[in-house]
>>> print(open('work-v5.txt').read())   # compact mmCIF, C-alpha atoms
# COMPACT_ATOMS: atom_id res chain seq x y z
CA MET Y 1 19.21 17.49 9.39
CA THR Y 2 19.95 13.84 8.85
CA LEU Y 3 17.29 11.56 7.54
CA PRO Y 4 15.85 9.12 10.06
CA SER Y 5 17.46 5.73 9.84
CA GLU Y 6 15.48 3.17 7.95
CA PRO Y 7 15.14 -0.19 9.68
CA ASN Y 8 13.32 -1.92 6.88
CA THR Y 9 15.71 -1.63 4.00
CA VAL Y 10 18.60 -3.63 2.73
CA PRO Y 11 21.68 -1.40 2.41
CA PRO Y 12 21.29 0.15 -1.02
CA GLN Y 13 24.85 -0.12 -2.26
CA ASP Y 14 25.48 -3.86 -2.22
CA ASP Y 15 26.35 -5.70 -5.42
CA PHE Y 16 22.87 -7.09 -5.75
CA GLU Y 17 21.33 -3.64 -5.80
CA LEU Y 18 23.99 -2.22 -8.11
CA SER Y 19 23.44 -4.93 -10.71
CA LEU Y 20 19.68 -5.04 -10.30
CA LYS Y 21 18.78 -1.37 -10.44
CA PRO Y 22 19.71 -0.63 -14.07
CA LEU Y 23 18.01 -3.81 -15.25
CA TRP Y 24 14.95 -3.02 -13.22
CA MET Y 25 14.66 0.52 -14.55
CA ARG Y 26 14.80 -0.81 -18.12
CA ALA Y 27 12.21 -3.44 -17.21
CA GLN Y 28 9.90 -0.77 -15.78
CA GLY Y 29 10.19 1.01 -19.12
CA GLY Y 30 9.00 -2.08 -20.99
CA ASP Y 31 12.18 -4.03 -21.82
CA SER Y 32 11.13 -7.69 -21.51
CA ALA Y 33 14.63 -9.14 -21.73
CA ALA Y 34 15.82 -6.90 -18.89
CA TYR Y 35 12.72 -7.79 -16.93
CA ARG Y 36 13.40 -11.48 -17.37
CA GLU Y 37 16.99 -11.10 -16.21
CA ALA Y 38 15.99 -8.94 -13.25
CA LEU Y 39 13.37 -11.46 -12.15
CA SER Y 40 15.90 -14.30 -12.39
CA LYS Y 41 18.32 -12.43 -10.13
CA ILE Y 42 15.50 -11.65 -7.73
CA ALA Y 43 14.33 -15.27 -7.73
CA GLN Y 44 17.79 -16.44 -6.60
CA ARG Y 45 17.77 -13.94 -3.77
CA LEU Y 46 14.27 -14.85 -2.75
CA ARG Y 47 15.20 -18.52 -2.68
CA ARG Y 48 18.01 -17.74 -0.26
CA PHE Y 49 15.84 -15.40 1.79
CA TYR Y 50 13.04 -17.91 2.19
CA SER Y 51 15.13 -21.04 2.64
CA ARG Y 52 16.85 -19.37 5.55
CA ARG Y 53 13.54 -18.47 7.15
CA LEU Y 54 11.58 -21.59 6.30
CA GLN Y 55 14.04 -24.19 7.47
CA ALA Y 56 11.19 -26.19 8.95
CA LEU Y 57 9.19 -26.01 5.73
CA PRO Y 58 11.61 -26.56 2.85
CA ASP Y 59 8.78 -27.65 0.56
CA GLU Y 60 7.24 -24.21 0.77
CA VAL Y 61 10.29 -22.30 -0.40
CA GLU Y 62 9.89 -22.57 -4.15
CA ASP Y 63 6.14 -22.07 -3.97
CA LEU Y 64 6.62 -18.90 -2.00
CA VAL Y 65 9.32 -17.70 -4.42
CA GLN Y 66 6.84 -18.13 -7.26
CA GLU Y 67 4.01 -16.49 -5.36
CA THR Y 68 6.26 -13.53 -4.58
CA LEU Y 69 7.41 -13.17 -8.20
CA LEU Y 70 3.79 -12.93 -9.27
CA ALA Y 71 3.09 -10.41 -6.51
CA LEU Y 72 6.09 -8.31 -7.59
CA HIS Y 73 4.74 -8.30 -11.11
CA MET Y 74 1.22 -7.32 -10.08
CA GLN Y 75 2.55 -4.54 -7.85
CA ARG Y 76 5.36 -3.23 -10.01
CA GLY Y 77 3.57 0.09 -10.44
CA THR Y 78 4.15 0.76 -6.74
CA TYR Y 79 7.94 0.74 -7.07
CA ASP Y 80 9.29 4.18 -6.20
CA GLU Y 81 12.48 4.81 -8.16
CA THR Y 82 14.00 6.92 -5.40
CA LEU Y 83 14.25 3.74 -3.30
CA PRO Y 84 16.57 0.77 -3.74
CA VAL Y 85 14.86 -1.98 -5.74
CA SER Y 86 15.98 -4.49 -3.12
CA SER Y 87 14.14 -2.58 -0.35
CA TRP Y 88 10.96 -2.80 -2.36
CA VAL Y 89 11.52 -6.49 -3.20
CA PHE Y 90 12.26 -7.55 0.36
CA ALA Y 91 9.42 -5.52 1.85
CA ILE Y 92 7.08 -7.54 -0.37
CA ALA Y 93 8.98 -10.77 0.36
CA ARG Y 94 8.57 -10.22 4.11
CA HIS Y 95 4.93 -9.40 3.62
CA LYS Y 96 4.42 -12.69 1.77
CA LEU Y 97 6.30 -14.61 4.46
CA VAL Y 98 4.20 -13.11 7.25
CA ASP Y 99 1.10 -13.81 5.18
CA LEU Y 100 2.13 -17.47 4.84
CA TRP Y 101 2.71 -17.80 8.57
CA ARG Y 102 -0.55 -16.09 9.32
CA ARG Y 103 -2.43 -18.49 7.08
CA ARG Y 104 -0.67 -21.41 8.68
CA GLY Y 105 -1.31 -20.06 12.16
CA ARG Y 106 2.37 -19.97 13.01
CA ARG Y 107 2.31 -16.67 14.83
CA ASP Y 108 5.09 -17.67 17.17
CA ASN Y 109 7.49 -17.50 14.27
CA LEU Y 110 6.86 -13.81 13.77
CA ASN Y 111 9.45 -13.04 16.41
CA ASP Y 112 12.06 -14.62 14.26
CA SER Y 113 14.59 -12.54 12.42
CA LEU Y 114 12.40 -10.53 10.09
CA ASP Y 115 15.29 -8.17 10.10
CA ASP Y 116 17.41 -6.17 7.80
CA MET Y 117 20.40 -8.46 7.59
CA THR Y 118 22.26 -8.28 4.32
CA GLU Y 119 21.40 -11.12 2.05
CA ASP Y 120 25.10 -11.52 1.30
CA GLN Y 121 25.60 -12.90 4.78
CA HIS Y 122 23.50 -15.90 3.96
CA PRO Y 123 24.86 -19.32 3.14
CA ALA Y 124 25.45 -20.31 -0.46
CA THR Y 125 22.58 -20.21 -2.90
CA GLN Y 126 20.13 -23.03 -2.57
CA GLU Y 127 19.32 -25.14 -5.56
CA GLU Y 128 15.85 -24.75 -6.89
CA LEU Y 129 13.61 -27.48 -5.53
CA PRO Y 130 10.75 -28.65 -7.70
CA SER Y 131 7.48 -26.86 -7.11
CA LYS Y 132 4.35 -28.88 -6.57
CA ARG Y 133 2.49 -26.74 -9.04
CA ASP Y 134 1.88 -27.21 -12.69
CA LEU Y 135 1.46 -24.07 -14.75
CA GLY Y 136 -0.81 -25.82 -17.24
CA VAL Y 137 -3.14 -27.03 -14.49
CA LEU Y 138 -3.26 -23.54 -12.98
CA LEU Y 139 -4.05 -21.97 -16.34
CA GLU Y 140 -6.90 -24.39 -16.90
CA GLN Y 141 -8.61 -22.98 -13.83
CA LEU Y 142 -8.83 -19.52 -15.40
CA PRO Y 143 -11.86 -18.26 -17.29
CA GLU Y 144 -11.53 -18.94 -21.03
CA LEU Y 145 -10.88 -15.35 -22.16
CA GLN Y 146 -8.18 -14.82 -19.55
CA ARG Y 147 -6.55 -18.16 -20.31
CA GLN Y 148 -6.50 -17.49 -24.03
CA ALA Y 149 -5.05 -14.00 -23.56
CA ILE Y 150 -2.26 -15.37 -21.35
CA LEU Y 151 -1.53 -18.30 -23.66
CA LEU Y 152 -1.18 -16.07 -26.71
CA THR Y 153 0.86 -13.24 -25.21
CA LYS Y 154 2.64 -14.71 -22.22
CA ILE Y 155 3.27 -18.31 -23.31
CA GLU Y 156 3.48 -18.07 -27.10
CA GLY Y 157 4.96 -14.61 -26.78
CA LEU Y 158 2.90 -12.92 -29.50
CA SER Y 159 2.77 -9.14 -29.43
CA MET Y 160 -0.51 -7.61 -28.36
CA ILE Y 161 -1.31 -6.71 -31.97
CA GLU Y 162 -0.58 -10.23 -33.27
CA ALA Y 163 -2.56 -11.75 -30.43
CA SER Y 164 -5.43 -9.41 -31.18
CA GLU Y 165 -5.47 -10.45 -34.87
CA ARG Y 166 -5.31 -14.13 -33.94
CA SER Y 167 -8.08 -14.00 -31.37
CA GLY Y 168 -10.32 -11.26 -32.73
CA VAL Y 169 -10.24 -9.52 -29.35
CA SER Y 170 -9.19 -5.87 -29.24
CA VAL Y 171 -5.76 -4.96 -27.87
CA ALA Y 172 -7.30 -3.01 -24.99
CA ALA Y 173 -9.53 -5.94 -24.03
CA LEU Y 174 -6.59 -8.36 -24.29
CA LYS Y 175 -4.53 -6.24 -21.91
CA VAL Y 176 -7.36 -6.26 -19.42
CA GLN Y 177 -7.75 -10.04 -19.74
CA VAL Y 178 -4.01 -10.64 -19.28
CA HIS Y 179 -4.00 -8.44 -16.19
CA ARG Y 180 -7.05 -10.11 -14.69
CA GLY Y 181 -5.72 -13.55 -15.58
CA LEU Y 182 -2.40 -12.94 -13.83
CA LYS Y 183 -4.19 -11.49 -10.83
CA GLN Y 184 -6.38 -14.57 -10.71
CA LEU Y 185 -3.33 -16.79 -11.11
CA ALA Y 186 -1.63 -15.02 -8.19
CA ALA Y 187 -4.75 -15.63 -6.09
CA LEU Y 188 -4.83 -19.33 -7.06
CA VAL Y 189 -1.16 -19.72 -6.21
CA ARG Y 190 -1.70 -18.00 -2.86
CA SER Y 191 -4.67 -20.16 -1.94
CA GLU Y 192 -2.68 -23.30 -2.68
CA THR Y 193 0.18 -22.58 -0.33
CA MET X 1 6.34 -25.73 -12.69
CA LYS X 2 9.89 -24.48 -12.85
CA THR X 3 10.36 -20.97 -11.57
CA ASP X 4 12.11 -20.18 -14.81
CA GLU X 5 8.96 -21.00 -16.76
CA LEU X 6 7.02 -18.62 -14.57
CA ILE X 7 9.60 -15.86 -15.04
CA THR X 8 9.46 -16.29 -18.80
CA MET X 9 5.70 -16.08 -18.68
CA ILE X 10 5.65 -13.00 -16.46
CA SER X 11 8.22 -11.08 -18.48
CA ASN X 12 6.89 -12.03 -21.92
CA GLN X 13 5.20 -9.02 -23.53
CA ALA X 14 5.04 -7.41 -20.09
CA GLY X 15 5.18 -3.87 -21.41
CA PRO X 16 5.99 -0.86 -19.28
CA ALA X 17 4.98 -0.85 -15.62
CA PRO X 18 1.57 0.70 -15.00
CA LYS X 19 1.58 4.04 -13.22
CA VAL X 20 0.10 3.81 -9.76
CA SER X 21 -0.16 7.27 -8.28
CA VAL X 22 -1.98 9.22 -5.64
CA ALA X 23 -3.19 11.54 -8.39
CA ASN X 24 -5.36 8.91 -10.01
CA ARG X 25 -6.47 7.18 -6.82
CA LEU X 26 -6.46 9.15 -3.58
CA VAL X 27 -7.17 12.59 -5.06
CA PRO X 28 -10.42 11.56 -6.78
CA ALA X 29 -11.43 9.60 -3.66
CA GLY X 30 -10.82 12.68 -1.51
CA VAL X 31 -12.58 15.07 -3.88
CA VAL X 32 -15.66 12.90 -4.44
CA GLY X 33 -15.93 11.89 -0.77
CA GLY X 34 -15.32 15.47 0.35
CA LEU X 35 -18.06 16.80 -1.94
CA ILE X 36 -20.52 14.20 -0.64
CA ALA X 37 -19.63 15.15 2.95
CA ALA X 38 -19.96 18.87 2.12
CA ALA X 39 -23.35 18.30 0.46
CA ILE X 40 -24.60 16.43 3.53
CA VAL X 41 -23.33 19.00 5.99
CA LEU X 42 -24.69 21.95 4.00
CA GLY X 43 -28.01 20.21 3.48
CA VAL X 44 -28.46 19.39 7.15
CA LEU X 45 -26.83 22.35 8.93
CA GLY X 46 -26.34 25.00 6.26
CA LEU X 47 -23.37 27.27 5.64
CA ILE X 48 -21.99 29.35 8.50
CA PRO X 49 -23.22 32.97 8.54
CA GLY X 50 -21.14 35.25 6.31
CA GLU X 51 -20.03 37.55 9.11
CA MET X 52 -18.17 34.64 10.75
CA LEU X 53 -15.75 34.68 7.84
CA SER X 54 -14.13 37.81 9.26
CA GLU X 55 -13.33 35.94 12.48
CA PRO X 56 -10.38 33.56 12.84
CA GLY X 57 -12.49 30.52 13.88
CA PRO X 58 -13.44 29.11 10.46
CA TRP X 59 -10.00 29.81 9.05
CA ILE X 60 -8.29 27.96 11.89
CA LYS X 61 -10.48 24.93 11.14
CA ILE X 62 -9.90 25.14 7.41
CA GLY X 63 -6.17 25.63 7.86
CA TYR X 64 -5.89 22.79 10.37
CA ALA X 65 -8.01 20.34 8.38
CA SER X 66 -6.39 21.05 5.04
CA THR X 67 -2.82 20.87 6.42
CA LEU X 68 -3.68 17.59 8.09
CA THR X 69 -5.26 16.32 4.85
CA ILE X 70 -1.99 16.94 3.05
CA ALA X 71 0.12 15.36 5.81
CA ALA X 72 -2.15 12.30 6.02
CA GLY X 73 -2.15 12.02 2.22
CA TRP X 74 1.65 12.02 2.29
CA LEU X 75 1.60 9.31 4.97
CA PHE X 76 -0.81 7.36 2.77
CA THR X 77 1.59 7.38 -0.18
CA ARG X 78 4.52 6.25 1.94
CA LEU X 79 2.57 3.36 3.46
CA GLY X 80 1.26 2.30 0.07
CA LYS X 81 4.75 1.69 -1.31
CA PRO X 82 6.66 -1.32 -0.03
CA GLY X 83 10.01 -0.43 1.47
CA ALA X 84 9.34 3.32 1.74
CA SER X 85 9.93 4.91 5.13
CA ASP X 86 6.92 6.52 6.75
CA LYS X 87 8.82 8.27 9.55
CA GLN X 88 8.93 11.77 8.09
CA ALA X 89 5.29 11.67 7.05
CA THR X 90 4.29 10.38 10.51
CA SER X 91 6.25 13.25 12.08
CA ALA X 92 4.41 15.68 9.82
CA VAL X 93 1.00 14.37 10.95
CA VAL X 94 2.01 14.44 14.61
CA GLY X 95 3.58 17.88 14.18
CA VAL X 96 0.42 19.41 12.71
CA VAL X 97 -1.69 17.98 15.54
CA LEU X 98 0.78 19.19 18.19
CA LEU X 99 0.77 22.70 16.73
CA MET X 100 -3.01 22.79 16.89
CA LEU X 101 -2.98 21.48 20.47
CA MET X 102 -0.43 24.11 21.46
CA ALA X 103 -2.50 26.86 19.86
CA GLY X 104 -5.52 25.52 21.75
CA VAL X 105 -3.68 25.52 25.08
CA LEU X 106 -2.33 29.06 24.58
CA SER X 107 -5.74 30.33 23.59
CA TYR X 108 -7.30 28.59 26.59
CA LEU X 109 -4.77 30.14 28.98
CA GLY X 110 -5.39 33.55 27.43
CA THR X 111 -9.14 33.25 27.91
CA PRO X 112 -10.67 34.80 31.08
CA ALA X 113 -11.47 32.04 33.58
CA SER X 114 -15.21 32.70 33.36
CA GLU X 115 -15.24 32.05 29.58
CA ARG X 116 -12.96 29.03 29.52
CA ALA X 117 -15.65 26.39 29.76
CA ALA X 118 -17.48 27.97 26.82
CA ALA X 119 -14.26 28.16 24.78
CA LEU X 120 -13.59 24.49 25.41
CA LEU X 121 -17.04 22.96 25.14
CA GLY X 122 -18.91 25.45 22.97
CA HIS X 123 -22.46 24.37 22.28
CA SER X 124 -21.67 21.30 20.20
CA TRP X 125 -18.82 19.34 21.77
CA LEU X 126 -21.02 16.26 21.95
CA VAL X 127 -21.85 16.50 18.26
CA CYS X 128 -18.58 17.54 16.63
CA PRO X 129 -16.45 14.35 16.90
CA TRP X 130 -19.33 12.10 15.85
CA ALA X 131 -20.28 14.37 12.98
CA ILE X 132 -16.71 14.20 11.69
CA LEU X 133 -16.69 10.42 12.06
CA GLY X 134 -20.00 10.08 10.19
CA LEU X 135 -19.00 12.51 7.47
CA SER X 136 -15.73 10.67 6.95
CA LEU X 137 -17.42 7.48 5.76
CA PRO X 138 -17.67 8.35 2.04
CA VAL X 139 -14.00 9.40 1.96
CA MET X 140 -13.12 6.33 4.04
CA ALA X 141 -14.63 4.04 1.43
CA GLY X 142 -12.79 5.89 -1.31
CA SER X 143 -9.45 5.95 0.45
CA PHE X 144 -9.56 2.22 1.20
CA TRP X 145 -10.33 1.63 -2.46
CA ALA X 146 -7.36 3.87 -3.28
CA MET X 147 -5.06 2.01 -0.87
CA ARG X 148 -6.04 -1.30 -2.43
CA GLY X 149 -4.51 -0.02 -5.64
CA PHE X 150 -1.19 0.26 -3.82
CA ALA X 151 0.72 -2.47 -2.00
CA PRO X 152 0.63 -1.76 1.75
CA THR X 153 2.75 -4.11 3.84
CA LYS X 154 1.83 -2.59 7.24
CA LEU X 155 -1.90 -3.01 7.21
CA ILE X 156 -2.79 -1.38 10.52
CA SER X 157 -0.70 1.70 9.77
CA ALA X 158 -2.03 1.88 6.21
CA GLY X 159 -5.60 1.67 7.55
CA THR X 160 -4.82 4.40 10.07
CA ALA X 161 -3.53 6.64 7.28
CA CYS X 162 -6.76 6.05 5.33
CA GLY X 163 -8.75 6.94 8.45
CA LEU X 164 -6.77 10.10 9.25
CA PHE X 165 -7.04 11.27 5.67
CA SER X 166 -10.79 10.66 5.67
CA GLY X 167 -11.21 12.38 9.03
CA SER X 168 -9.26 15.43 7.87
CA VAL X 169 -11.35 15.80 4.71
CA ALA X 170 -14.52 15.33 6.79
CA ALA X 171 -13.33 18.01 9.25
CA LEU X 172 -12.82 20.35 6.32
CA ALA X 173 -16.40 19.72 5.18
CA TYR X 174 -17.75 20.09 8.71
CA ALA X 175 -15.97 23.45 9.07
CA LEU X 176 -18.34 24.84 6.41
CA ALA X 177 -21.23 24.56 8.84
CA CYS X 178 -19.64 24.61 12.30
CA THR X 179 -20.19 27.89 14.16
CA GLU X 180 -17.84 27.23 17.05
CA PRO X 181 -15.36 30.13 17.13
CA ALA X 182 -12.79 29.08 19.75
CA ALA X 183 -9.37 27.51 19.19
CA PRO X 184 -9.54 25.27 22.32
CA PHE X 185 -12.74 23.71 20.97
CA ILE X 186 -11.13 23.02 17.60
CA ALA X 187 -7.96 21.65 19.17
CA VAL X 188 -9.86 19.13 21.29
CA TRP X 189 -13.01 18.13 19.44
CA TYR X 190 -11.86 18.32 15.83
CA THR X 191 -8.75 16.38 16.78
CA LEU X 192 -10.80 13.80 18.63
CA GLY X 193 -13.14 13.37 15.63
CA ILE X 194 -10.20 12.86 13.27
CA ALA X 195 -8.59 10.47 15.76
CA LEU X 196 -11.78 8.40 15.88
CA CYS X 197 -11.57 8.08 12.10
CA GLY X 198 -7.95 6.96 12.50
CA VAL X 199 -8.99 4.29 14.99
CA LEU X 200 -11.74 3.04 12.68
CA GLY X 201 -9.26 2.93 9.81
CA ALA X 202 -6.76 1.00 11.93
CA ALA X 203 -9.42 -1.57 12.80
CA LEU X 204 -10.47 -1.96 9.16
CA GLY X 205 -6.94 -2.05 7.71
CA PRO X 206 -6.07 -5.71 8.36
CA LYS X 207 -9.51 -6.80 7.12
CA LEU X 208 -9.75 -4.71 3.97
CA LEU X 209 -6.18 -4.32 2.81
CA ARG X 210 -4.86 -7.88 2.76
CA TRP X 211 -3.26 -9.03 -0.49
>>> encode(input="work-v5.txt", output="structure tokens")
Amino acid sequence: MTLPSEPNTVPPQDDFELSLKPLWMRAQGGDSAAYREALSKIAQRLRRFYSRRLQALPDEVEDLVQETLLALHMQRGTYDETLPVSSWVFAIARHKLVDLWRRRGRRDNLNDSLDDMTEDQHPATQEELPSKRDLGVLLEQLPELQRQAILLTKIEGLSMIEASERSGVSVAALKVQVHRGLKQLAALVRSET
Amino acid sequence: MKTDELITMISNQAGPAPKVSVANRLVPAGVVGGLIAAAIVLGVLGLIPGEMLSEPGPWIKIGYASTLTIAAGWLFTRLGKPGASDKQATSAVVGVVLLMLMAGVLSYLGTPASERAAALLGHSWLVCPWAILGLSLPVMAGSFWAMRGFAPTKLISAGTACGLFSGSVAALAYALACTEPAAPFIAVWYTLGIALCGVLGAALGPKLLRW
């Protein structure tokens, strides 16, 4: 029996997938450097993906790239390693695009090519356009405990143990605050777009 | 902010990815909701008489409902993961329902004409689908909570899966008290009850599962 064809996935064996998958698997295991590199590769692809589909709204591209990166991070536990990473990434990217259109009431655009075309077929990589957001301003909107936890671990880059000693908050509580803070940040970013 | 800044922030001290699994979400939701439904049904209607256990009726219901619970749970996991195909799991759900419908039709055709109406309608056809819908509500709440821990990108389908799962667990609980013995009854009214749960889930999906 052959498996049913899958309309929603990018072909798994393109160069993007081949270079991304090993990085991603290391990132899932906790390797920050691999995670950083994987996210950079993904960001480039997302920029291409969105600039092609948001030709009328070029200002939204970088904001949506950032929103999607945060969403990927918050949802990374839902990645199923039997699937191509790119299928997972673009399923979320499409979801975020549809969500943006829905919020902007641009339903007519939903008929557009939300398809499975290979990202390699797209024109050359777009340059990153400046985002309207300021990370510092966003962080200031977070509750104090969340902001502090993110500043110590995610901006200063202290380990959880170091951050715990510095702040007097337990490691377990810090992890919770970082998670909640990022979730809140993702919600703030989404409500801005 | 530069996207690079954001990437640095996200990846810094990120640690290993959290484990999101059916085992720590949907299973507890199904067990807790199922126990609540069973407690309600046993409290209100009571357990079926012991001698019924030697007849096929209760076992058909239990077999149907538990197989459908597993198929709907599988569909749930596929719809909770972005990029995963749900085709095989959908076929499994449809297949289980079709088997039950076929068994119901065969049993109906094999029933003497004078007893057919009783085999189809029993004494509780007006109650059964609504009882299953009502009993599904605790599991429904739990399975939507469970789905919110995943990342569904097809919200109507994901809601339907939550509804079908809830309906199947509720049907399992209802089978503990339901004294209808005939396969045609089960094929029509149990299926309709579970389908109602699916419709409710589909309607709630886009409202409750957005992220």
>>> residues_around(input="work-v5.txt", residues="Leu152 in chain Y", least_positions_apart="6", cutoff="9 Å", atoms="only C-alpha atoms", output="CSV table (one decimal) with C-alpha atoms, in the coordinates of the input")
chain,number,residue,atom,x,y,z
Y,158,LEU,CA,2.9,-12.9,-29.5
Y,159,SER,CA,2.8,-9.1,-29.4
Y,160,MET,CA,-0.5,-7.6,-28.4
Y,162,GLU,CA,-0.6,-10.2,-33.3
Y,163,ALA,CA,-2.6,-11.8,-30.4
Y,166,ARG,CA,-5.3,-14.1,-33.9
Y,167,SER,CA,-8.1,-14.0,-31.4
>>> interface_residues(input="work-v5.txt", of="chain Y", to="chain X", cutoff="8 Å", atoms="only C-alpha atoms", output="PyMOL selection string")
chain Y and resi 4+6+8-9+27-33+35-36+39-40+43+62+65-66+69-70+73+75-80+83+87-92+95+130-135+153-155+157-160
>>> atom_distance(input="work-v5.txt", atom1="CA of Tyr50 in chain Y", atom2="CA of Leu188 in chain Y")
20.2 Å
>>> residues_near_point(input="work-v5.txt", point="(0.4, 9.6, 12.3)", cutoff="8 Å", atoms="all atoms listed in the file", output="PyMOL selection string")
chain X and resi 72+75+89-94+160-161+164
>>> residues_near_point(input="work-v5.txt", point="(-11.3, 13.1, 9.4)", cutoff="7 Å", atoms="all atoms listed in the file", output="PyMOL selection string")
chain X and resi 132-133+136+163-171+193-194+197
>>> atom_distance(input="work-v5.txt", atom1="CA of Leu120 in chain X", atom2="CA of Pro56 in chain X")
15.8 Å
>>> closest_residue(input="work-v5.txt", among="X:Thr67, X:Ser107, X:Ser157, X:Ser143", to="Phe185 in chain X", atoms="all atoms listed in the file")
X:Ser107
>>> atom_distance(input="work-v5.txt", atom1="CA of Ser86 in chain Y", atom2="CA of Glu17 in chain Y")
6.0 Å
